[in-house]
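Notes follow once the structure below has been shown.
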Amino acid sequence: MIKLHEKRALNFLLNEYLIEHNCRLTAITFAEEIENQDIEQWDDVGLNTPKPPNLLHLYRDYGQHVIPHVETRDIECSCCFDDRLISEKEEEIIDLHRQMTDLQEQVLMITEENDDLAKKLHQMTRNSQDTLTPRKQSVDDVSITKQITGQINIRNHHRLADSQSESERQDSKQCNNVKQDSPNIETENNQTGNVPEASLGQSPNQSDKVILLSDNESIAGSQTLEVEPGLTAHPAGDNEVDPGTSDPGPGRASCQQMQRQGPIGQETISESHSDNWQHSKRNMSEALKKTVMTEAFRINRENRIVDEVSKVGEMETENVVLVLTRCLPHIVPHVLLARREELIPLILCAASLHTDSRERDQLLNLLFNLIKKPDADQRQMILTGCVVFAEHVGPSQAEVELLPQCWEQINHKYEERRLLVAEACGALVPHLPNEIRSSLVLSMLQQMLDDKSGDVRQAVVRSLGILMAFIDDKDKYHQCCELLFDAINDTCEAVAMTTTNVFLPSIAQWSRELDLLLTHFLNSVLNNMELLLKDAMSSQQALGSGQLPLDVGRFLVNIKICRSIIPHLFISVLETMPSLDRLSHDHHETTVNLASRFISSSQLSEPSIIFGDNQRLCEMIDFFDDYISGEWYCPWANHDWLAKQFFPRLIALTVQIDVIPFPKLLHSFSDLVATLCRAFGRPFVLKQIKPKFCEALQIEIADYESDLADPDPDTEIEVNVKEAPDSVSGCLTKCDVAVYAYGVLAVFPEEEDRQQLKSLCSRLLKSLSISSLGSLRAVFTQLCVNNLYHDMMLQVLWDGVVDSSDYVRSASAAMFQLLVKTVSDVLMSTRIVPALVTLASDPEMSVRISTVSVFGSIIENTTRREMLDKVYMQLQSFMDEAIYRDKHQLHLELIRTFAQIGPNAEPRFRDECILPRLAAMAATNNHAASATVRHAVAIQLFDAYSALSCCFVSEQMVQEALLPGLRCLKLDMAVVATEHEAVVNSMIREFENKLENTVKERSSSIASVTMTTAATAAEDVKTRMINKFRDIKDKSASSKASITNIFNRKK
């Protein structure tokens, strides 16, 4: 299997070859597929060797390359000792036993000191973790650990050096040579060991085990703790010894020469595991056992996995992290992308517990690059791991090790990676230092707010919402407000919605804490709306246009901002009330219903969550209502700003905007004012909001009534025919009327407010009857949504039905059309239909004409037979009675109504009434004397037939009513509107083709039925004949008669 460094080297050579031979497109594709390597830099391969020659040179050199052969030879030797030398060694061993007993007592004392120092080290590390940077902390921890460990080693060395002379150390070097001839000496040597060497540390390359002191275990009696040389009992990396400084000594070297050496890079079982063998009763020398194992099985240390596995049995608990760190980079590339999230816990464990900052950085980089395009669940797993890591290592280390990983992928080509970075910035905010939140994290999010992906920008906005809840740098406030306005005006609807629900409440809370919510934030929003309106009015004057070129989208955004921060605005006013200290801290029952008083778009805008104490908030609201309800109360700063700045400026905006061109603005303004009134309560509305609206409306009504007072009788007929004067039509057509009606008077279910609303609607009906009904339509449209106001509106309209002015009666009939779509069938049959029947018989023809469209709306919105029959009868009377024969305005209104209700009417009514009447009107219009009337009727007929052409019409009605009417319309279009003649011809051809196809289908169906019947009869005859011949054949076979005799007729 190819190794990682080999693969990286080949990638570099292949890229170099492709570029040198002008395969640049292939080289670019190859570079995109290699993500984790800069294939143009040899240093990125990671080998500490010079750059090799190019690929062509290596290919040419392959056939001439010769591997030199090195001859090796195995050499063995043995030594013989006499009895005298053995007895001397036995005596020395007895002395060593005595010394070992003394040393064990000293070991116990050293163990106690070691435990105390370890506790001090742990306490010092924990205290310094929050004050030192990760790199400085790591260096200090290592130095402290080395100092403590050095003290332990020095003490051990001095105490042991006094009890062992230089001659004894030289003799002990020869002890291992006796093991071949004396098993007893071998056993004793295995028990004694070499304590001084263990205390001073061993090379990690040595394979024999030595006795070391453990931090957590004390040694009593003759029991010792065996660990692998180089793995100390102290924390990893604290007291490592350079392998080049350890001296195995001549005694150990002579012992190693007796063992059979394997090839270079291999280690035998006897070298690493011989001490763990189970003792056997066989009388076999250790050298022979090791030689057998050497010949049978060898460990190849060049194989990374074999080397790791061979050390598992000798591994301590803390070294598992090192194994994970070494193995995970090799495991990850071979795991399927769909299952790599299973490795996240392993990577996090290794990164959290490893002591080397460079290894942690590599593991975190592996975590962020684990999955090529992580989905939402996988990103959630990685983010959870990052949060756990940040909690484990602390703020400083999280800043140094996690944020660089995010910064590296901030401009990644994959959207999922950028999503991960944006979400990680928000998830890590609570675990980062304060100065980093307002600098690096804010800068990263600001940069990513311009990302081309809407999903990334949405994640950035969520993270900004989290950041605004933790940032405390006041100097960044204005910058964050600019980011808010940019995000809420984003073209992506999801980004704007997330900004409203998450980012806006967070920054509103911060503004309230800084006491800038009213004077800065809300003031900026009002300035934006005023500037938009001013620019639109300037453009209107410059262009001389009749319609205001207002940017409705941006205006609606600012209104939405005002509406979303109302809970914060109310709490800001509530908290700064004077005499709030008089409110008792003892809880008492309240009548405040927060759910009905505040309608929040998200949980972040709920007052109970903003304030934190639901019961206390309700008590403060009760106190606020009682305080405002008094005859006199002392205002305060926030109260005055609302009363003298906010509401007057808001009303001034509504006064300058017309109702008809901007229905969305009207609805948004009304909803904003209604939400404000509902939040601040009825006492505040009566004292502050309603008087300011009444002041503005009284000025308008006074001007309007002065224009309408005592009209000249000579001009009365002209007013009846033409529209109202410009001065009249410009009054009461602004948004403030509808906003006051719906946003102030219709908020609270009080009888006083309802009577005022009824009076206002009646006054508007009478005042606007000769001009535009836009304001009244806007009021009725908004009030129709609430069933509580249906009866009140019907009363207003019934008052208009019986009014003496024909303008008022006509306006009342037109307003009934708005109620037809919302009221119940009971109210429609008992209140609306009788009123319309009354108006349909009014002396004034204009009043009768105004009822036609309302009758059409009833046909569209009800299925009750008795009401439909009344409407059909009334429409029939309009078309059949002689007094309406020359009323062209009535005919136009009927045709317009038929075009509207035709697709939704009953098929019977459409076939029996609409289509024949339209054909009759088209035929009559061909002989119209007035060209103007003929043109107007023809255009309305064209619209009606265009709408009805999409309906299913039977062949009979097409032939009897639809085609004749279209042919008559064609004659009119050829004279008065030639631009529509081609369309009419097209409709005629379409219906004619439909009839022809129907005839052909019927003929083909008859022919197919005939052919099917004939084919079936022929098949039956054929079947009967075959069966007859089969019966004849069977009979002839059974009787053995001649076939010629069968056909002879019997005589």
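The way I read the labels, and the way they are meant: chains A, B, ... in the order of the structure tokens, residue 1 as the first residue of every chain, and ligand 1 as the first ligand shown, with later ones counted on from there.
The neighbours of stretch 573-581 of chain A here are the residues that come within 8 Å of it, using only C-alpha atoms and leaving out any residue fewer than 6 positions away in the same chain; they are Met620, Ile621, Phe624, Cys634, Trp636, Asn638 and His639 of chain A.
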Stretch 428-433 of chain A environment, 9 Å, only C-alpha atoms, sequence neighbours closer than 4 positions dropped, as a VMD selection string: chain A and resid 383 386 to 387 390 to 391 394 to 399 402 to 403 423 to 424 437 441 463 466 to 467 470 to 471
Selection: 7 Å around stretch 336-345 of chain A, only C-alpha atoms, excl. self and same-chain fewer than 6 positions, as a list in words: Leu367, Leu370, Ile371 and Gln378 of chain A
What's around stretch 771-782 of chain A at 7 Å? Count only C-alpha atoms, leave out sequence neighbours fewer than 3 positions away in its own chain, and write the answer as a PDB file with N, CA and C atoms, in the first residue's frame.
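Printed below is around-v6.pdb as written:
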```pdb
ATOM      1  N   VAL A 659     -53.755  56.930   0.222  1.00  0.00           N
ATOM      2  CA  VAL A 659     -54.255  55.594   0.549  1.00  0.00           C
ATOM      3  C   VAL A 659     -54.229  54.674  -0.668  1.00  0.00           C
ATOM      4  N   ILE A 660     -54.784  55.149  -1.786  1.00  0.00           N
ATOM      5  CA  ILE A 660     -55.026  54.275  -2.938  1.00  0.00           C
ATOM      6  C   ILE A 660     -53.732  53.729  -3.548  1.00  0.00           C
ATOM      7  N   GLU A 723     -66.337  64.512 -11.638  1.00  0.00           N
ATOM      8  CA  GLU A 723     -65.747  64.201 -10.335  1.00  0.00           C
ATOM      9  C   GLU A 723     -65.717  65.456  -9.470  1.00  0.00           C
ATOM     10  N   ALA A 724     -65.434  65.263  -8.202  1.00  0.00           N
ATOM     11  CA  ALA A 724     -65.372  66.382  -7.274  1.00  0.00           C
ATOM     12  C   ALA A 724     -64.179  67.261  -7.602  1.00  0.00           C
ATOM     13  N   SER A 729     -61.169  66.363  -3.515  1.00  0.00           N
ATOM     14  CA  SER A 729     -60.648  65.003  -3.648  1.00  0.00           C
ATOM     15  C   SER A 729     -59.324  64.825  -2.940  1.00  0.00           C
ATOM     16  N   LEU A 732     -58.930  64.101   3.107  1.00  0.00           N
ATOM     17  CA  LEU A 732     -59.315  62.839   3.740  1.00  0.00           C
ATOM     18  C   LEU A 732     -58.991  61.614   2.877  1.00  0.00           C
ATOM     19  N   THR A 733     -58.005  61.741   2.042  1.00  0.00           N
ATOM     20  CA  THR A 733     -57.581  60.598   1.226  1.00  0.00           C
ATOM     21  C   THR A 733     -56.207  60.097   1.647  1.00  0.00           C
ATOM     22  N   LYS A 734     -55.716  60.578   2.777  1.00  0.00           N
ATOM     23  CA  LYS A 734     -54.408  60.155   3.272  1.00  0.00           C
ATOM     24  C   LYS A 734     -54.557  58.971   4.211  1.00  0.00           C
ATOM     25  N   VAL A 737     -56.355  58.769   8.276  1.00  0.00           N
ATOM     26  CA  VAL A 737     -57.742  58.467   8.629  1.00  0.00           C
ATOM     27  C   VAL A 737     -57.908  56.983   8.911  1.00  0.00           C
ATOM     28  N   ALA A 738     -57.451  56.154   7.967  1.00  0.00           N
ATOM     29  CA  ALA A 738     -57.585  54.713   8.150  1.00  0.00           C
ATOM     30  C   ALA A 738     -56.721  54.215   9.307  1.00  0.00           C
ATOM     31  N   ALA A 741     -58.573  55.014  12.500  1.00  0.00           N
ATOM     32  CA  ALA A 741     -59.756  54.179  12.697  1.00  0.00           C
ATOM     33  C   ALA A 741     -59.373  52.764  13.134  1.00  0.00           C
ATOM     34  N   TYR A 742     -58.443  52.176  12.396  1.00  0.00           N
ATOM     35  CA  TYR A 742     -58.089  50.779  12.690  1.00  0.00           C
ATOM     36  C   TYR A 742     -57.043  50.664  13.803  1.00  0.00           C
ATOM     37  N   LEU A 764     -67.242  59.792   7.364  1.00  0.00           N
ATOM     38  CA  LEU A 764     -66.475  59.573   6.138  1.00  0.00           C
ATOM     39  C   LEU A 764     -67.392  59.199   4.978  1.00  0.00           C
ATOM     40  N   LEU A 765     -68.421  58.379   5.247  1.00  0.00           N
ATOM     41  CA  LEU A 765     -69.351  57.975   4.185  1.00  0.00           C
ATOM     42  C   LEU A 765     -70.066  59.183   3.592  1.00  0.00           C
ATOM     43  N   LEU A 768     -67.138  61.649   1.886  1.00  0.00           N
ATOM     44  CA  LEU A 768     -66.412  61.168   0.715  1.00  0.00           C
ATOM     45  C   LEU A 768     -67.318  60.621  -0.373  1.00  0.00           C
ATOM     46  N   VAL A 785     -62.011  42.188   8.726  1.00  0.00           N
ATOM     47  CA  VAL A 785     -61.293  41.007   9.213  1.00  0.00           C
ATOM     48  C   VAL A 785     -61.821  40.574  10.576  1.00  0.00           C
ATOM     49  N   LEU A 818     -67.661  45.118  -0.137  1.00  0.00           N
ATOM     50  CA  LEU A 818     -66.557  44.699   0.739  1.00  0.00           C
ATOM     51  C   LEU A 818     -67.030  43.734   1.817  1.00  0.00           C
TER      52      LEU A 818
END
```
Residue list (helix (DSSP H, G or I), DSSP) for stretch 369-550 of chain A, as a PyMOL selection string: chain A and resi 376-393+395-401+403-408+415-431+434-448+454-468+474-488+493-513+517-543
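What separates atom CA of A:Asn614 from atom CA of A:Glu589 is a distance of 12.1 Å.
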Shell of 12 Å around A:Gly630, only C-alpha atoms, local chain residues under 3 positions omitted, as an MDAnalysis selection string: chainID A and resid 623:627 633:635 683:684 686:687
Selected residues written out with all heavy atoms, as a short mmCIF file (atom, residue, chain, number, x, y, z; two decimals), in the first residue's frame:
```
data_model
loop_
_atom_site.label_atom_id
_atom_site.label_comp_id
_atom_site.auth_asym_id
_atom_site.auth_seq_id
_atom_site.Cartn_x
_atom_site.Cartn_y
_atom_site.Cartn_z
N PHE A 623 -48.93 48.96 37.63
CA PHE A 623 -48.55 50.24 38.24
C PHE A 623 -48.48 51.33 37.18
O PHE A 623 -48.91 52.48 37.42
CB PHE A 623 -47.20 50.09 38.93
CG PHE A 623 -46.73 51.33 39.63
CD1 PHE A 623 -47.25 51.70 40.87
CD2 PHE A 623 -45.78 52.15 39.04
CE1 PHE A 623 -46.82 52.86 41.49
CE2 PHE A 623 -45.34 53.29 39.67
CZ PHE A 623 -45.86 53.65 40.90
N PHE A 624 -47.99 51.01 35.98
CA PHE A 624 -47.90 51.98 34.88
C PHE A 624 -49.29 52.45 34.46
O PHE A 624 -49.54 53.66 34.28
CB PHE A 624 -47.15 51.35 33.70
CG PHE A 624 -47.13 52.18 32.46
CD1 PHE A 624 -46.24 53.24 32.32
CD2 PHE A 624 -48.00 51.92 31.41
CE1 PHE A 624 -46.22 54.01 31.17
CE2 PHE A 624 -47.99 52.67 30.25
CZ PHE A 624 -47.09 53.73 30.14
N ASP A 625 -50.23 51.52 34.30
CA ASP A 625 -51.58 51.89 33.90
C ASP A 625 -52.26 52.76 34.96
O ASP A 625 -52.94 53.75 34.63
CB ASP A 625 -52.41 50.62 33.64
CG ASP A 625 -51.94 49.87 32.40
OD1 ASP A 625 -51.26 50.48 31.56
OD2 ASP A 625 -52.26 48.67 32.29
N ASP A 626 -52.06 52.39 36.22
CA ASP A 626 -52.66 53.19 37.29
C ASP A 626 -52.04 54.58 37.35
O ASP A 626 -52.74 55.58 37.59
CB ASP A 626 -52.49 52.48 38.63
CG ASP A 626 -53.28 51.17 38.69
OD1 ASP A 626 -54.23 51.03 37.89
OD2 ASP A 626 -52.93 50.31 39.51
N TYR A 627 -50.73 54.63 37.12
CA TYR A 627 -50.03 55.92 37.20
C TYR A 627 -50.48 56.84 36.06
O TYR A 627 -50.71 58.05 36.26
CB TYR A 627 -48.53 55.66 37.13
CG TYR A 627 -47.67 56.89 37.31
CD1 TYR A 627 -47.49 57.45 38.57
CD2 TYR A 627 -47.04 57.49 36.23
CE1 TYR A 627 -46.70 58.58 38.75
CE2 TYR A 627 -46.26 58.62 36.39
CZ TYR A 627 -46.09 59.15 37.65
OH TYR A 627 -45.32 60.27 37.83
N TYR A 633 -50.03 63.41 36.18
CA TYR A 633 -48.85 62.61 36.53
C TYR A 633 -47.62 63.32 36.01
O TYR A 633 -47.69 64.12 35.07
CB TYR A 633 -48.95 61.20 35.96
CG TYR A 633 -48.95 61.11 34.44
CD1 TYR A 633 -47.76 61.00 33.73
CD2 TYR A 633 -50.14 61.16 33.73
CE1 TYR A 633 -47.77 60.93 32.36
CE2 TYR A 633 -50.16 61.08 32.36
CZ TYR A 633 -48.96 60.96 31.67
OH TYR A 633 -48.97 60.89 30.30
N CYS A 634 -46.51 63.03 36.63
CA CYS A 634 -45.25 63.67 36.28
C CYS A 634 -44.58 62.88 35.15
O CYS A 634 -44.23 61.71 35.35
CB CYS A 634 -44.33 63.73 37.51
SG CYS A 634 -42.72 64.49 37.17
N PRO A 635 -44.42 63.44 33.98
CA PRO A 635 -43.76 62.71 32.89
C PRO A 635 -42.26 62.57 33.14
O PRO A 635 -41.68 63.26 33.97
CB PRO A 635 -44.05 63.58 31.66
CG PRO A 635 -44.24 64.94 32.21
CD PRO A 635 -44.83 64.80 33.58
N PRO A 683 -55.07 53.62 28.89
CA PRO A 683 -54.85 54.93 29.53
C PRO A 683 -53.82 55.78 28.79
O PRO A 683 -54.03 56.99 28.63
CB PRO A 683 -54.36 54.53 30.94
CG PRO A 683 -54.94 53.19 31.18
CD PRO A 683 -54.92 52.51 29.86
N PHE A 684 -52.75 55.21 28.35
CA PHE A 684 -51.73 55.96 27.61
C PHE A 684 -52.28 56.42 26.27
O PHE A 684 -52.00 57.54 25.82
CB PHE A 684 -50.49 55.10 27.41
CG PHE A 684 -49.33 55.83 26.79
CD1 PHE A 684 -48.46 56.56 27.57
CD2 PHE A 684 -49.12 55.78 25.42
CE1 PHE A 684 -47.40 57.24 27.00
CE2 PHE A 684 -48.06 56.45 24.84
CZ PHE A 684 -47.20 57.18 25.63
N LEU A 686 -55.45 57.13 25.54
CA LEU A 686 -56.39 58.23 25.75
C LEU A 686 -55.66 59.53 26.08
O LEU A 686 -56.13 60.62 25.69
CB LEU A 686 -57.35 57.88 26.89
CG LEU A 686 -58.32 56.73 26.63
CD1 LEU A 686 -59.14 56.43 27.87
CD2 LEU A 686 -59.23 57.05 25.45
N LYS A 687 -54.53 59.45 26.80
CA LYS A 687 -53.84 60.66 27.22
C LYS A 687 -52.88 61.22 26.16
O LYS A 687 -52.69 62.44 26.09
CB LYS A 687 -53.04 60.36 28.50
CG LYS A 687 -53.88 60.08 29.72
CD LYS A 687 -54.60 61.34 30.19
CE LYS A 687 -55.40 61.11 31.46
NZ LYS A 687 -54.54 60.81 32.63
#
```
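Excluding A:Gly743 itself and any same-chain residue fewer than 6 positions from it, the protein and nucleic acid residues within 9 Å of it, counting only C-alpha atoms, are Phe669, Ser670, Asp671, Leu672, Val673, Ala674, Thr675, Leu676 and Cys677 of chain A.
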Could the residues in this selection be written to a file with N, CA, C and O atoms, as a short mmCIF file (atom, residue, chain, number, x, y, z; two decimals), in the first residue's frame?
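Produced file again.cif, reproduced below:
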```
data_model
loop_
_atom_site.label_atom_id
_atom_site.label_comp_id
_atom_site.auth_asym_id
_atom_site.auth_seq_id
_atom_site.Cartn_x
_atom_site.Cartn_y
_atom_site.Cartn_z
N PHE A 669 -48.68 50.63 8.46
CA PHE A 669 -48.84 51.73 9.43
C PHE A 669 -49.95 51.41 10.43
O PHE A 669 -49.79 51.64 11.65
N SER A 670 -51.06 50.91 9.94
CA SER A 670 -52.18 50.60 10.85
C SER A 670 -51.78 49.52 11.84
O SER A 670 -52.10 49.61 13.04
N ASP A 671 -51.09 48.51 11.36
CA ASP A 671 -50.65 47.43 12.25
C ASP A 671 -49.64 47.94 13.27
O ASP A 671 -49.66 47.53 14.44
N LEU A 672 -48.75 48.84 12.87
CA LEU A 672 -47.76 49.41 13.79
C LEU A 672 -48.45 50.21 14.90
O LEU A 672 -48.15 50.03 16.09
N VAL A 673 -49.36 51.08 14.52
CA VAL A 673 -50.04 51.91 15.52
C VAL A 673 -50.91 51.04 16.43
O VAL A 673 -50.97 51.27 17.66
N ALA A 674 -51.59 50.04 15.87
CA ALA A 674 -52.40 49.15 16.70
C ALA A 674 -51.53 48.39 17.70
O ALA A 674 -51.91 48.22 18.87
N THR A 675 -50.36 47.94 17.28
CA THR A 675 -49.46 47.23 18.19
C THR A 675 -48.95 48.16 19.29
O THR A 675 -48.83 47.75 20.46
N LEU A 676 -48.63 49.39 18.93
CA LEU A 676 -48.19 50.37 19.94
C LEU A 676 -49.29 50.64 20.96
O LEU A 676 -49.04 50.65 22.18
N CYS A 677 -50.51 50.86 20.48
CA CYS A 677 -51.61 51.15 21.40
C CYS A 677 -51.89 49.95 22.31
O CYS A 677 -52.15 50.11 23.52
#
```
Polymer residues at most 10 Å from A:Glu530, only C-alpha atoms, same-chain spacing of 2 or more positions, as a PyMOL selection string: chain A and resi 524-528+532-536+555+649-650+652-653
A:Asp490, A:Glu88, A:Asp736, A:Glu408 ranked by distance to A:Leu665, top pick (using only C-alpha atoms): A:Asp736
Length of the atom CA of A:Ile628 to atom CA of A:Phe680 vector [Å]: 10.2 Å
d(atom CA of A:Val655, atom CA of A:Val739) in Å: 9.9 Å
